[in-house]
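A.B. asks: Structure supplied as coords.cif; contents: mmCIF, C-alpha atoms.
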data_run
loop_
_atom_site.label_atom_id
_atom_site.label_comp_id
_atom_site.auth_asym_id
_atom_site.auth_seq_id
_atom_site.Cartn_x
_atom_site.Cartn_y
_atom_site.Cartn_z
CA MET S 4 -9.64 -1.39 -21.47
CA ARG S 5 -5.90 -1.66 -21.03
CA ASN S 6 -5.76 -4.71 -23.24
CA PHE S 7 -8.00 -3.04 -25.75
CA ALA S 8 -5.54 -0.17 -26.05
CA LYS S 9 -2.76 -2.64 -26.69
CA VAL S 10 -4.47 -4.73 -29.36
CA ILE S 11 -6.54 -2.19 -31.25
CA MET S 12 -3.57 -0.73 -33.06
CA GLY S 13 -2.84 -4.13 -34.55
CA ALA S 14 -6.40 -5.17 -35.19
CA PHE S 15 -7.81 -1.99 -36.70
CA PRO S 16 -5.64 -1.70 -39.86
CA VAL S 17 -5.93 -5.45 -40.46
CA VAL S 18 -9.69 -5.15 -40.54
CA LEU S 19 -9.56 -2.20 -42.88
CA CYS S 20 -7.18 -3.69 -45.41
CA ARG S 21 -8.85 -5.42 -48.33
CA LYS S 22 -9.31 -9.15 -48.32
CA ALA S 23 -10.20 -11.38 -51.24
CA ASN S 24 -13.83 -11.82 -50.26
CA GLN S 25 -14.43 -8.17 -49.38
CA PRO S 26 -15.62 -5.45 -51.70
CA HIS S 27 -13.11 -3.11 -53.26
CA SER S 28 -12.45 0.06 -51.27
CA THR S 29 -13.13 3.26 -53.16
CA GLY S 30 -10.71 6.18 -53.21
CA GLY S 31 -12.71 8.17 -50.69
CA GLN S 32 -12.90 5.19 -48.39
CA VAL S 33 -9.16 4.71 -48.50
CA GLN S 34 -8.63 8.31 -47.49
CA GLU S 35 -11.03 7.92 -44.60
CA PHE S 36 -9.36 4.71 -43.54
CA ASN S 37 -5.98 6.37 -43.50
CA LYS S 38 -7.32 9.15 -41.36
CA ALA S 39 -9.01 6.74 -38.97
CA ILE S 40 -5.84 4.70 -38.64
CA ARG S 41 -3.89 7.85 -37.87
CA TYR S 42 -6.44 8.79 -35.24
CA VAL S 43 -6.32 5.40 -33.53
CA HIS S 44 -2.54 5.41 -33.77
CA SER S 45 -2.13 8.80 -32.08
CA MET S 46 -4.73 8.01 -29.46
CA THR S 47 -3.22 4.70 -28.38
CA ASP S 48 0.27 6.15 -28.41
CA PHE S 49 -0.86 9.06 -26.30
CA TYR S 50 -2.47 6.70 -23.84
CA LEU S 51 0.62 4.50 -23.65
CA MET S 52 2.77 7.56 -23.02
CA THR S 53 0.61 8.62 -20.10
CA GLN S 54 1.63 5.34 -18.47
CA TYR S 55 5.33 6.22 -18.47
CA ASN S 56 7.14 6.41 -15.16
CA SER S 57 9.48 9.20 -16.18
CA TYR S 58 9.55 11.83 -18.84
CA ILE S 59 12.08 13.99 -20.61
CA ASP S 60 11.40 17.02 -22.76
CA LYS S 61 11.45 14.84 -25.83
CA THR S 62 8.74 12.46 -24.64
CA ILE S 63 6.55 15.39 -23.65
CA SER S 64 6.96 16.85 -27.10
CA TYR S 65 5.98 13.48 -28.54
CA MET S 66 2.85 13.59 -26.43
CA GLN S 67 2.03 17.02 -27.80
CA ALA S 68 2.55 15.71 -31.32
CA TYR S 69 0.13 12.84 -30.74
CA LEU S 70 -2.37 15.24 -29.25
CA HIS S 71 -2.05 17.31 -32.37
CA GLY S 72 -2.39 14.21 -34.51
CA PHE S 73 -5.71 13.10 -33.17
CA HIS S 74 -7.14 16.59 -33.10
CA ASP S 75 -6.29 16.80 -36.80
CA THR S 76 -8.01 13.54 -37.68
CA LYS S 77 -10.91 13.42 -35.24
CA ASP S 78 -13.45 14.64 -37.85
CA VAL S 79 -13.53 11.13 -39.35
CA PHE S 80 -15.36 9.93 -36.30
CA LEU S 81 -17.39 13.07 -35.86
CA GLN S 82 -20.69 11.64 -37.06
CA PHE S 83 -20.50 8.86 -34.47
CA ARG S 84 -20.05 11.44 -31.78
CA ALA S 85 -23.51 12.95 -31.93
CA GLY S 86 -25.01 14.27 -28.72
CA LYS S 87 -28.47 13.33 -27.49
CA GLY S 88 -29.97 16.52 -28.91
CA ALA S 89 -28.67 15.83 -32.40
CA LYS S 90 -29.98 12.27 -32.31
CA LYS S 91 -33.44 13.56 -31.39
CA VAL S 92 -33.40 16.01 -34.29
CA VAL S 93 -32.38 13.21 -36.64
CA ALA S 94 -35.21 10.97 -35.50
CA GLU S 95 -37.75 13.73 -36.06
CA ALA S 96 -36.43 14.72 -39.48
CA TYR S 97 -36.34 11.08 -40.52
CA LYS S 98 -39.98 10.65 -39.57
CA ASN S 99 -41.01 13.77 -41.48
CA LEU S 100 -39.15 12.67 -44.56
CA LEU S 101 -40.75 9.24 -44.48
CA ARG S 102 -44.19 10.78 -44.25
CA ALA S 103 -43.47 13.06 -47.19
CA GLN S 104 -42.19 10.16 -49.23
CA SER S 105 -45.18 7.94 -48.50
CA GLN S 106 -47.52 10.75 -49.54
CA ALA S 107 -45.61 11.20 -52.79
CA SER S 108 -45.72 7.53 -53.73
CA ILE S 109 -49.48 6.99 -53.74
CA SER S 110 -49.76 7.30 -57.55
CA ASN S 111 -50.12 4.09 -59.56
CA LEU S 112 -46.59 3.10 -60.63
CA THR S 113 -45.19 -0.11 -62.03
CA MET S 114 -43.17 -2.43 -59.83
CA SER S 115 -39.80 -1.43 -61.27
CA GLU S 116 -40.58 2.24 -60.84
CA LYS S 117 -41.62 1.63 -57.29
CA ALA S 118 -38.38 -0.21 -56.55
CA LYS S 119 -36.36 2.61 -58.08
CA MET S 120 -38.22 5.19 -56.07
CA HIS S 121 -37.73 3.17 -52.92
CA GLN S 122 -34.00 3.10 -53.54
CA GLU S 123 -33.89 6.84 -54.12
CA ASN S 124 -35.85 7.45 -50.96
CA ASN S 125 -33.42 5.36 -48.97
CA LEU S 126 -30.47 7.27 -50.35
CA GLU S 127 -32.16 10.55 -49.52
CA CYS S 128 -32.79 9.38 -45.97
CA ARG S 129 -29.21 8.36 -45.43
CA GLU S 130 -27.83 11.64 -46.73
CA LEU S 131 -30.15 13.62 -44.53
CA VAL S 132 -29.19 11.63 -41.45
CA GLU S 133 -25.50 12.01 -42.13
CA ASP S 134 -25.80 15.74 -42.72
CA ILE S 135 -27.65 16.35 -39.48
CA LEU S 136 -25.33 14.14 -37.49
CA LYS S 137 -22.31 15.94 -38.82
CA GLU S 138 -23.80 19.31 -37.97
CA GLY S 139 -24.92 18.35 -34.48
CA ALA S 140 -21.81 16.42 -33.55
CA HIS S 141 -18.89 17.98 -31.80
CA CYS S 142 -15.97 16.93 -29.68
CA ASN S 143 -16.57 19.63 -27.10
CA PHE S 144 -16.62 17.43 -24.09
CA LEU S 145 -14.49 17.74 -21.07
CA LYS S 146 -12.42 14.63 -21.21
CA MET S 147 -11.17 15.62 -24.63
CA HIS S 148 -10.03 18.91 -23.18
CA ARG S 149 -8.50 17.67 -19.95
CA ILE S 150 -5.91 15.55 -21.74
CA SER S 151 -4.48 18.68 -23.33
CA HIS S 152 -3.46 19.81 -19.83
CA TYR S 153 -1.39 16.69 -19.27
CA ALA S 154 1.68 18.03 -21.04
CA GLU S 155 1.86 21.10 -18.83
CA GLN S 156 1.17 19.14 -15.63
CA ILE S 157 4.02 16.66 -16.06
CA PRO S 158 6.90 19.14 -15.61
CA LYS S 159 5.01 20.71 -12.69
CA PHE S 160 4.05 17.64 -10.68
CA GLY S 161 5.74 14.56 -12.15
CA ALA S 162 4.55 11.41 -13.88
CA LEU S 163 0.82 11.00 -14.27
CA GLY S 164 0.37 7.41 -13.13
CA GLN S 165 0.85 8.25 -9.48
CA PHE S 166 -2.12 10.61 -9.44
CA SER S 167 -4.65 8.21 -10.85
CA THR S 168 -7.72 7.65 -8.69
CA GLU S 169 -7.43 3.96 -9.40
CA ILE S 170 -6.08 2.99 -5.99
CA SER S 171 -8.68 4.87 -4.04
CA GLU S 172 -11.46 3.59 -6.28
CA CYS S 173 -10.30 0.06 -5.45
CA MET S 174 -11.48 0.69 -1.91
CA HIS S 175 -15.03 0.91 -3.21
CA LYS S 176 -14.84 -2.63 -4.42
CA SER S 177 -15.78 -4.36 -1.16
CA PHE S 178 -18.77 -2.08 -0.75
CA LYS S 179 -19.92 -2.68 -4.30
CA ASP S 180 -19.62 -6.44 -3.79
CA ALA S 181 -21.56 -6.23 -0.55
CA TYR S 182 -24.27 -4.17 -2.23
CA ARG S 183 -24.61 -6.75 -4.98
CA ARG S 184 -25.02 -9.49 -2.38
CA SER S 185 -27.72 -7.57 -0.54
CA ASN S 186 -31.34 -7.60 -1.64
CA LYS S 187 -31.09 -3.84 -2.38
CA VAL S 188 -33.75 -2.95 0.19
CA ASN S 189 -32.35 -0.99 3.09
CA ALA S 190 -28.91 -1.84 1.79
CA THR S 191 -26.79 0.17 4.22
CA SER S 192 -27.32 -2.06 7.24
CA GLN S 193 -26.85 -5.16 5.10
CA ILE S 194 -23.57 -3.82 3.76
CA ILE S 195 -22.35 -3.20 7.29
CA THR S 196 -23.37 -6.69 8.44
CA ASN S 197 -21.71 -8.22 5.44
CA HIS S 198 -18.53 -6.31 6.10
CA THR S 199 -18.50 -7.35 9.76
CA ARG S 200 -19.00 -10.97 8.80
CA ASP S 201 -16.21 -10.92 6.22
CA HIS S 202 -13.95 -9.21 8.71
CA THR S 203 -14.68 -11.78 11.41
CA PHE S 204 -13.87 -14.61 9.06
CA ILE S 205 -10.57 -13.01 8.12
CA ILE S 206 -9.64 -12.57 11.78
CA LYS S 207 -10.56 -16.17 12.57
CA ASP S 208 -8.46 -17.39 9.68
CA LEU S 209 -5.52 -15.37 10.93
CA THR S 210 -5.97 -16.73 14.44
CA ILE S 211 -5.94 -20.31 13.23
CA LYS S 212 -2.82 -19.69 11.21
CA ALA S 213 -1.10 -18.03 14.16
CA TRP S 214 -1.92 -20.97 16.40
CA ALA S 215 -0.65 -23.47 13.88
CA LYS S 216 2.54 -21.51 13.46
CA ALA S 217 3.12 -21.17 17.20
CA LYS S 218 2.65 -24.89 17.63
CA GLU S 219 5.09 -25.69 14.82
CA THR S 220 7.89 -23.36 15.79
CA ARG S 221 7.97 -23.26 19.54
CA ASN S 222 5.92 -26.24 20.61
CA PRO S 223 5.76 -25.42 24.32
CA THR S 224 3.76 -28.58 24.96
CA HIS S 225 6.21 -31.17 23.69
CA HIS S 226 6.02 -33.14 26.91
CA VAL S 227 2.24 -33.35 26.67
CA ARG S 228 0.56 -36.00 24.60
CA LYS S 229 -0.50 -34.82 21.18
CA ARG S 230 -4.16 -33.99 20.65
CA GLY S 231 -4.21 -33.97 16.87
CA GLN S 232 -4.31 -30.98 14.55
CA VAL S 233 -5.02 -27.49 15.73
CA VAL S 234 -7.63 -26.69 13.12
CA PRO S 235 -10.16 -29.47 13.79
CA LEU S 236 -9.66 -28.83 17.48
CA TYR S 237 -10.60 -25.21 16.96
CA LEU S 238 -13.72 -26.17 15.03
CA GLN S 239 -14.60 -28.64 17.75
CA LEU S 240 -14.20 -25.92 20.35
CA GLN S 241 -16.51 -23.57 18.55
CA GLU S 242 -19.39 -26.04 18.96
CA LYS S 243 -18.84 -26.97 22.56
CA LEU S 244 -17.87 -23.87 24.50
CA ASN S 245 -20.40 -22.81 27.04
CA PHE S 246 -18.88 -20.28 29.33
CA GLY S 247 -21.84 -20.14 31.69
CA THR S 248 -20.85 -23.27 33.60
CA ILE S 249 -17.14 -22.63 33.89
CA SER S 250 -15.63 -21.20 37.04
CA ASN S 251 -12.05 -22.39 36.96
CA LEU S 252 -9.43 -23.95 34.72
CA GLY S 253 -10.35 -27.50 35.67
CA ASP S 254 -13.94 -26.92 34.55
CA LEU S 255 -12.67 -25.47 31.31
CA GLU S 256 -10.54 -28.57 30.75
CA ARG S 257 -13.53 -30.81 31.27
CA VAL S 258 -15.92 -28.81 29.13
CA THR S 259 -13.59 -28.37 26.19
CA GLY S 260 -12.00 -31.79 26.34
CA LEU S 261 -8.58 -30.17 26.29
CA TYR S 262 -6.96 -32.16 29.07
CA ASP S 263 -3.58 -30.47 28.61
CA LEU S 264 -4.91 -26.96 29.13
CA GLY S 265 -3.50 -26.58 32.63
CA LEU S 266 -0.11 -27.87 31.56
CA VAL S 267 0.02 -25.61 28.53
CA THR S 268 -0.99 -22.61 30.59
CA SER S 269 1.64 -23.25 33.21
CA ALA S 270 4.29 -23.83 30.52
CA PHE S 271 3.25 -20.58 28.86
CA LEU S 272 3.38 -18.64 32.13
CA ARG S 273 6.79 -20.08 33.01
CA GLU S 274 8.52 -19.77 29.66
CA GLU S 275 6.98 -16.68 28.18
CA LEU S 276 6.08 -14.50 31.12
CA GLY S 277 8.69 -15.79 33.59
CA TYR S 278 6.29 -16.49 36.46
CA SER S 279 7.58 -18.34 39.52
CA GLU S 280 6.10 -21.76 40.42
CA MET S 281 4.21 -20.29 43.34
CA SER S 282 2.45 -17.60 41.34
CA ILE S 283 1.66 -20.14 38.62
CA SER S 284 -0.10 -22.44 41.05
CA ARG S 285 -1.96 -19.44 42.45
CA VAL S 286 -3.16 -18.48 38.98
CA LEU S 287 -4.20 -22.00 38.08
CA SER S 288 -6.15 -22.66 41.25
CA GLY S 289 -7.92 -19.32 41.10
CA GLY S 290 -11.24 -18.88 39.31
CA ILE S 291 -11.48 -17.47 35.85
CA MET X 23 7.98 22.41 17.65
CA VAL X 24 10.82 20.81 19.61
CA CYS X 25 12.55 18.06 17.71
CA ALA X 26 14.09 14.85 19.09
CA ASN X 27 17.55 16.46 19.05
CA LYS X 28 16.23 19.28 21.27
CA ASN X 29 16.37 21.82 18.45
CA ALA X 30 13.33 23.97 17.80
CA GLN X 31 12.08 23.47 14.26
CA LEU X 32 9.67 25.49 12.22
CA TYR X 33 6.98 23.56 10.38
CA PHE X 34 4.82 24.79 7.55
CA LEU X 35 1.76 22.82 6.65
CA LYS X 36 0.93 22.91 2.97
CA LEU X 37 -1.93 21.32 1.11
CA PHE X 38 -0.14 19.64 -1.74
CA CYS X 39 -2.58 17.72 -3.87
CA TRP X 40 -6.09 16.40 -3.88
CA LEU X 41 -6.79 13.30 -5.92
CA ALA X 42 -10.31 13.43 -7.24
CA ASP X 43 -12.34 12.62 -10.29
CA HIS X 44 -13.92 15.38 -12.28
CA MET X 45 -17.23 15.69 -10.41
CA GLU X 46 -15.42 15.85 -7.10
CA ASN X 47 -13.10 18.49 -8.50
CA ALA X 48 -16.05 20.51 -9.72
CA THR X 49 -17.61 20.45 -6.25
CA LEU X 50 -14.32 21.18 -4.54
CA HIS X 51 -13.47 24.17 -6.68
CA GLY X 52 -17.04 25.42 -6.93
CA ILE X 53 -17.10 25.19 -10.69
CA ALA X 54 -19.86 24.22 -13.08
CA SER X 55 -19.54 20.57 -14.02
CA ASN X 56 -19.21 21.22 -17.75
CA ARG X 57 -16.21 23.52 -17.36
CA CYS X 58 -12.52 22.79 -17.03
CA PRO X 59 -11.33 23.36 -13.45
CA ILE X 60 -7.90 24.51 -14.65
CA CYS X 61 -8.53 27.02 -17.41
CA ILE X 62 -11.36 29.26 -18.58
CA THR X 63 -12.07 27.47 -21.85
CA PRO X 64 -15.73 28.00 -22.74
CA THR X 65 -17.85 24.88 -23.11
CA GLU X 66 -18.32 25.31 -26.85
CA THR X 67 -14.63 24.98 -27.65
CA LEU X 68 -13.61 22.22 -25.26
CA GLY X 69 -12.87 19.90 -28.16
CA GLU X 70 -10.59 22.31 -30.02
CA HIS X 71 -6.87 22.01 -29.71
CA VAL X 72 -5.27 25.37 -29.02
CA GLU X 73 -1.51 25.42 -29.35
CA THR X 74 -0.95 28.29 -26.93
CA GLY X 75 -3.37 27.01 -24.29
CA TYR X 76 -6.05 28.97 -22.50
CA PRO X 77 -5.44 31.39 -19.63
CA ILE X 78 -5.71 29.60 -16.30
CA ARG X 79 -8.24 30.45 -13.62
CA ARG X 80 -7.40 33.12 -11.05
CA HIS X 81 -9.07 32.23 -7.79
CA ALA X 82 -8.04 35.48 -6.09
CA ASP X 83 -10.20 37.35 -8.59
CA TYR X 84 -13.11 35.01 -7.94
CA HIS X 85 -12.82 35.64 -4.22
CA ALA X 86 -12.92 39.40 -4.80
CA ALA X 87 -15.86 39.03 -7.16
CA TYR X 88 -17.69 36.88 -4.62
CA ILE X 89 -17.22 39.49 -1.90
CA GLU X 90 -18.54 42.20 -4.20
CA SER X 91 -21.27 39.75 -5.27
CA ASP X 92 -20.35 40.41 -8.88
CA MET X 93 -22.47 37.63 -10.38
CA SER X 94 -21.80 38.29 -14.05
CA SER X 95 -18.03 37.85 -13.94
CA LEU X 96 -18.44 34.64 -11.90
CA ASN X 97 -20.97 33.27 -14.36
CA ILE X 98 -18.76 33.95 -17.37
CA HIS X 99 -16.08 31.69 -15.90
CA GLY X 100 -18.59 29.08 -14.77
CA VAL X 101 -17.91 29.63 -11.07
CA LYS X 102 -20.67 28.96 -8.58
CA ASN X 103 -21.69 31.78 -6.30
CA ILE X 104 -20.63 30.08 -3.09
CA ARG X 105 -17.81 30.69 -0.70
CA ASN X 106 -14.95 28.35 -1.54
CA ALA X 107 -13.17 26.94 1.50
CA LEU X 108 -9.90 26.76 -0.44
CA TRP X 109 -9.75 30.54 -0.78
CA SER X 110 -9.07 30.88 2.92
CA VAL X 111 -6.26 28.29 3.05
CA PRO X 112 -2.91 30.08 3.27
CA ASN X 113 -0.09 29.48 0.77
CA LEU X 114 -2.40 27.75 -1.65
CA ASN X 115 -3.35 28.22 -5.23
CA PRO X 116 -6.34 25.88 -5.66
CA LEU X 117 -5.18 25.02 -9.17
CA ASP X 118 -2.12 23.26 -7.73
CA LEU X 119 -4.36 20.65 -6.15
CA ILE X 120 -5.70 19.34 -9.42
CA ARG X 121 -4.07 16.20 -10.73
CA ALA X 122 -4.57 14.20 -13.87
CA ASP X 123 -6.99 11.33 -13.33
CA ILE X 124 -5.94 8.66 -15.79
CA LEU X 125 -8.51 6.08 -14.78
CA HIS X 126 -11.58 8.17 -15.52
CA ASN X 127 -10.12 10.42 -18.13
CA MET X 128 -8.17 8.07 -20.36
CA LEU X 129 -9.30 4.52 -19.67
CA LEU X 130 -12.97 5.07 -18.95
CA GLY X 131 -13.20 8.32 -20.90
CA VAL X 132 -11.46 8.89 -24.15
CA LEU X 133 -10.66 5.27 -24.96
CA ASP X 134 -14.21 4.25 -24.13
CA HIS X 135 -15.49 6.83 -26.59
CA MET X 136 -13.00 5.57 -29.12
CA ILE X 137 -14.48 2.07 -28.95
CA ASP X 138 -17.93 3.46 -29.76
CA TRP X 139 -16.57 5.48 -32.64
CA ILE X 140 -14.63 2.58 -34.09
CA GLN X 141 -17.72 0.40 -33.87
CA GLY X 142 -19.78 3.00 -35.71
CA PHE X 143 -17.05 3.48 -38.26
CA LEU X 144 -16.69 -0.22 -38.97
CA GLU X 145 -20.43 -0.75 -39.20
CA GLN X 146 -20.67 2.02 -41.74
CA HIS X 147 -18.00 0.40 -43.88
CA ASP X 148 -19.28 -3.17 -43.37
CA ARG X 149 -16.18 -4.37 -41.59
CA MET X 150 -17.76 -5.39 -38.31
CA ASN X 151 -17.68 -9.11 -39.08
CA ALA X 152 -14.04 -8.96 -39.97
CA PHE X 153 -13.34 -7.12 -36.74
CA HIS X 154 -15.10 -9.76 -34.68
CA HIS X 155 -13.17 -12.35 -36.61
CA VAL X 156 -9.86 -10.72 -35.66
#
Could you render the structure as structure tokens?
C.D. replies:
Amino acid sequence: MRNFAKVIMGAFPVVLCRKANQPHSTGGQVQEFNKAIRYVHSMTDFYLMTQYNSYIDKTISYMQAYLHGFHDTKDVFLQFRAGKGAKKVVAEAYKNLLRAQSQASISNLTMSEKAKMHQENNLECRELVEDILKEGAHCNFLKMHRISHYAEQIPKFGALGQFSTEISECMHKSFKDAYRRSNKVNATSQIITNHTRDHTFIIKDLTIKAWAKAKETRNPTHHVRKRGQVVPLYLQLQEKLNFGTISNLGDLERVTGLYDLGLVTSAFLREELGYSEMSISRVLSGGI
Amino acid sequence: MVCANKNAQLYFLKLFCWLADHMENATLHGIASNRCPICITPTETLGEHVETGYPIRRHADYHAAYIESDMSSLNIHGVKNIRNALWSVPNLNPLDLIRADILHNMLLGVLDHMIDWIQGFLEQHDRMNAFHHV
């Protein structure tokens, strides 16, 4: 929608201007085109001005002018702004007219007369539809009204962009995604499961990264033989761990295949936590 | 409240703003969903541009009317006959909570309508192909 607002002002007049292979625009059409262009112009400019980060009295007065501009020219589009009620009325009237016309045309006419009559009927239909649409249409909807409050809100509260609900609506995104992935039956529990799963994966990712970083920067195990990359090791661990059979650090070393675990632990206790040798040996020999 | 520098400070809590889309605002302010939460514009003239603006809502009056159960004056302004929690918040004019909601109002609202209108307009004047071409 943002991009639309940026390009429409260029594209719209180009489409309306006459090209070699297009029919000639009549005088009435040209007037309508001018009005429509003015409408689109004021609307896009108004929208772009709502995106400003700061305002002065002059810019606010510009905004008011644009507001005025599109309220002046909105009647061009009025017939495309028919409510549901008006559309219903149109459909009914159209049906009635067709019935009346078909009853009228039962007499025996020549082909050319029939064609002429058909054309007239079509014209009649179109006029009727346009009339009803114009009567039933209105711009009395709320969004049209709310923008007229913008100019008075800016001096009171500041620029408009900061109050958009856009940021908070972004939070809905993960839930909407999760709902789409569910099978839509009993979706709440599925959404929660999905969220938990995503969350777990994020945490695991972060853990792996933290390990890799710790190994790179501090490398507390430089005197121990290298056991390859951290990441495959982690994946390997995930398969093998079975905590039921482990009672002390030696068992853990054997089960996981991490033969430097005791050394790393003692290095960690000594360097990071400042344990004495005696307390380290007590910790290592003790059960987990 | 005692501050870090041992001085006693006075604090005043104030509800400053409440970001919400229109339906949330309507629920929050107890107003019919087809009415403006800021001013008393009737539904039939929402599309008109009035240079002077409409008089804004006065929630103190609504509170009084609610207590007297004066249904007619509430209905004229499109206010629901329920007790509004915001009336009992001190130092607050509920109108000050309302903020412009650009996402729903401009991007998904007025501009969205404009696309429909432009499409209808171009179809009527046989310019739709040219538009797609551009």
A.B. asks: Please, which residues of chain X lie no more than 9 Å from chain S when the count uses all atoms listed in the file, and can they be set out as a PyMOL selection string?
C.D. replies: chain X and resi 40-43+56-58+60+63+65-73+75+118+121-144+147+149-150+152-153+155-156
A.B. asks: Find the distance between CA of Ser282 (chain S) and CA of Gly265 (chain S) and write it in Å to one decimal.
C.D. replies: 13.9 Å
A.B. asks: In Å, rounded to a single decimal, give me how far CA of Ser91 (chain X) is from CA of Ile78 (chain X).
C.D. replies: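 Distance between the two atoms: 21.6 Å.
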A.B. asks: Take CA of Cys61 (chain X) and CA of Ala82 (chain X) and report the distance between them in Å, one decimal.
C.D. replies: 14.1 Å
A.B. asks: Using all atoms listed in the file, determine which residues lie at most 10 Å from region 45-54 of chain X, disregarding the query and same-chain residues fewer than 5 positions distant; provide the list as a VMD selection string.
C.D. replies: chain X and resid 40 59 to 60 81 96 to 97 99 to 109 116 to 117 119 to 121
A.B. asks: Put region 178-206 of chain S into a file with C-alpha atoms, as a PDB file, in the first residue's frame.
C.D. replies:
ATOM      1  CA  PHE S 178       0.205 -16.018  16.012  1.00  0.00           C
ATOM      2  CA  LYS S 179      -1.240 -15.586  12.555  1.00  0.00           C
ATOM      3  CA  ASP S 180       1.590 -17.668  11.089  1.00  0.00           C
ATOM      4  CA  ALA S 181       1.058 -20.356  13.690  1.00  0.00           C
ATOM      5  CA  TYR S 182      -2.666 -20.406  12.977  1.00  0.00           C
ATOM      6  CA  ARG S 183      -2.009 -20.852   9.271  1.00  0.00           C
ATOM      7  CA  ARG S 184       0.272 -23.789  10.010  1.00  0.00           C
ATOM      8  CA  SER S 185      -2.319 -25.467  12.206  1.00  0.00           C
ATOM      9  CA  ASN S 186      -5.139 -27.563  10.791  1.00  0.00           C
ATOM     10  CA  LYS S 187      -7.658 -24.992  12.134  1.00  0.00           C
ATOM     11  CA  VAL S 188      -9.327 -27.523  14.419  1.00  0.00           C
ATOM     12  CA  ASN S 189      -8.799 -26.739  18.064  1.00  0.00           C
ATOM     13  CA  ALA S 190      -6.237 -24.192  16.975  1.00  0.00           C
ATOM     14  CA  THR S 191      -5.380 -22.659  20.344  1.00  0.00           C
ATOM     15  CA  SER S 192      -3.387 -25.596  21.690  1.00  0.00           C
ATOM     16  CA  GLN S 193      -1.653 -26.017  18.343  1.00  0.00           C
ATOM     17  CA  ILE S 194      -0.647 -22.369  18.321  1.00  0.00           C
ATOM     18  CA  ILE S 195       0.821 -22.724  21.792  1.00  0.00           C
ATOM     19  CA  THR S 196       2.749 -25.877  20.836  1.00  0.00           C
ATOM     20  CA  ASN S 197       4.023 -24.207  17.717  1.00  0.00           C
ATOM     21  CA  HIS S 198       5.168 -21.194  19.676  1.00  0.00           C
ATOM     22  CA  THR S 199       6.947 -23.372  22.243  1.00  0.00           C
ATOM     23  CA  ARG S 200       8.698 -25.286  19.500  1.00  0.00           C
ATOM     24  CA  ASP S 201       9.842 -22.136  17.706  1.00  0.00           C
ATOM     25  CA  HIS S 202      11.017 -20.701  20.983  1.00  0.00           C
ATOM     26  CA  THR S 203      12.994 -23.824  21.858  1.00  0.00           C
ATOM     27  CA  PHE S 204      14.725 -23.767  18.517  1.00  0.00           C
ATOM     28  CA  ILE S 205      15.692 -20.129  18.968  1.00  0.00           C
ATOM     29  CA  ILE S 206      17.117 -20.842  22.420  1.00  0.00           C
TER      30      ILE S 206
END
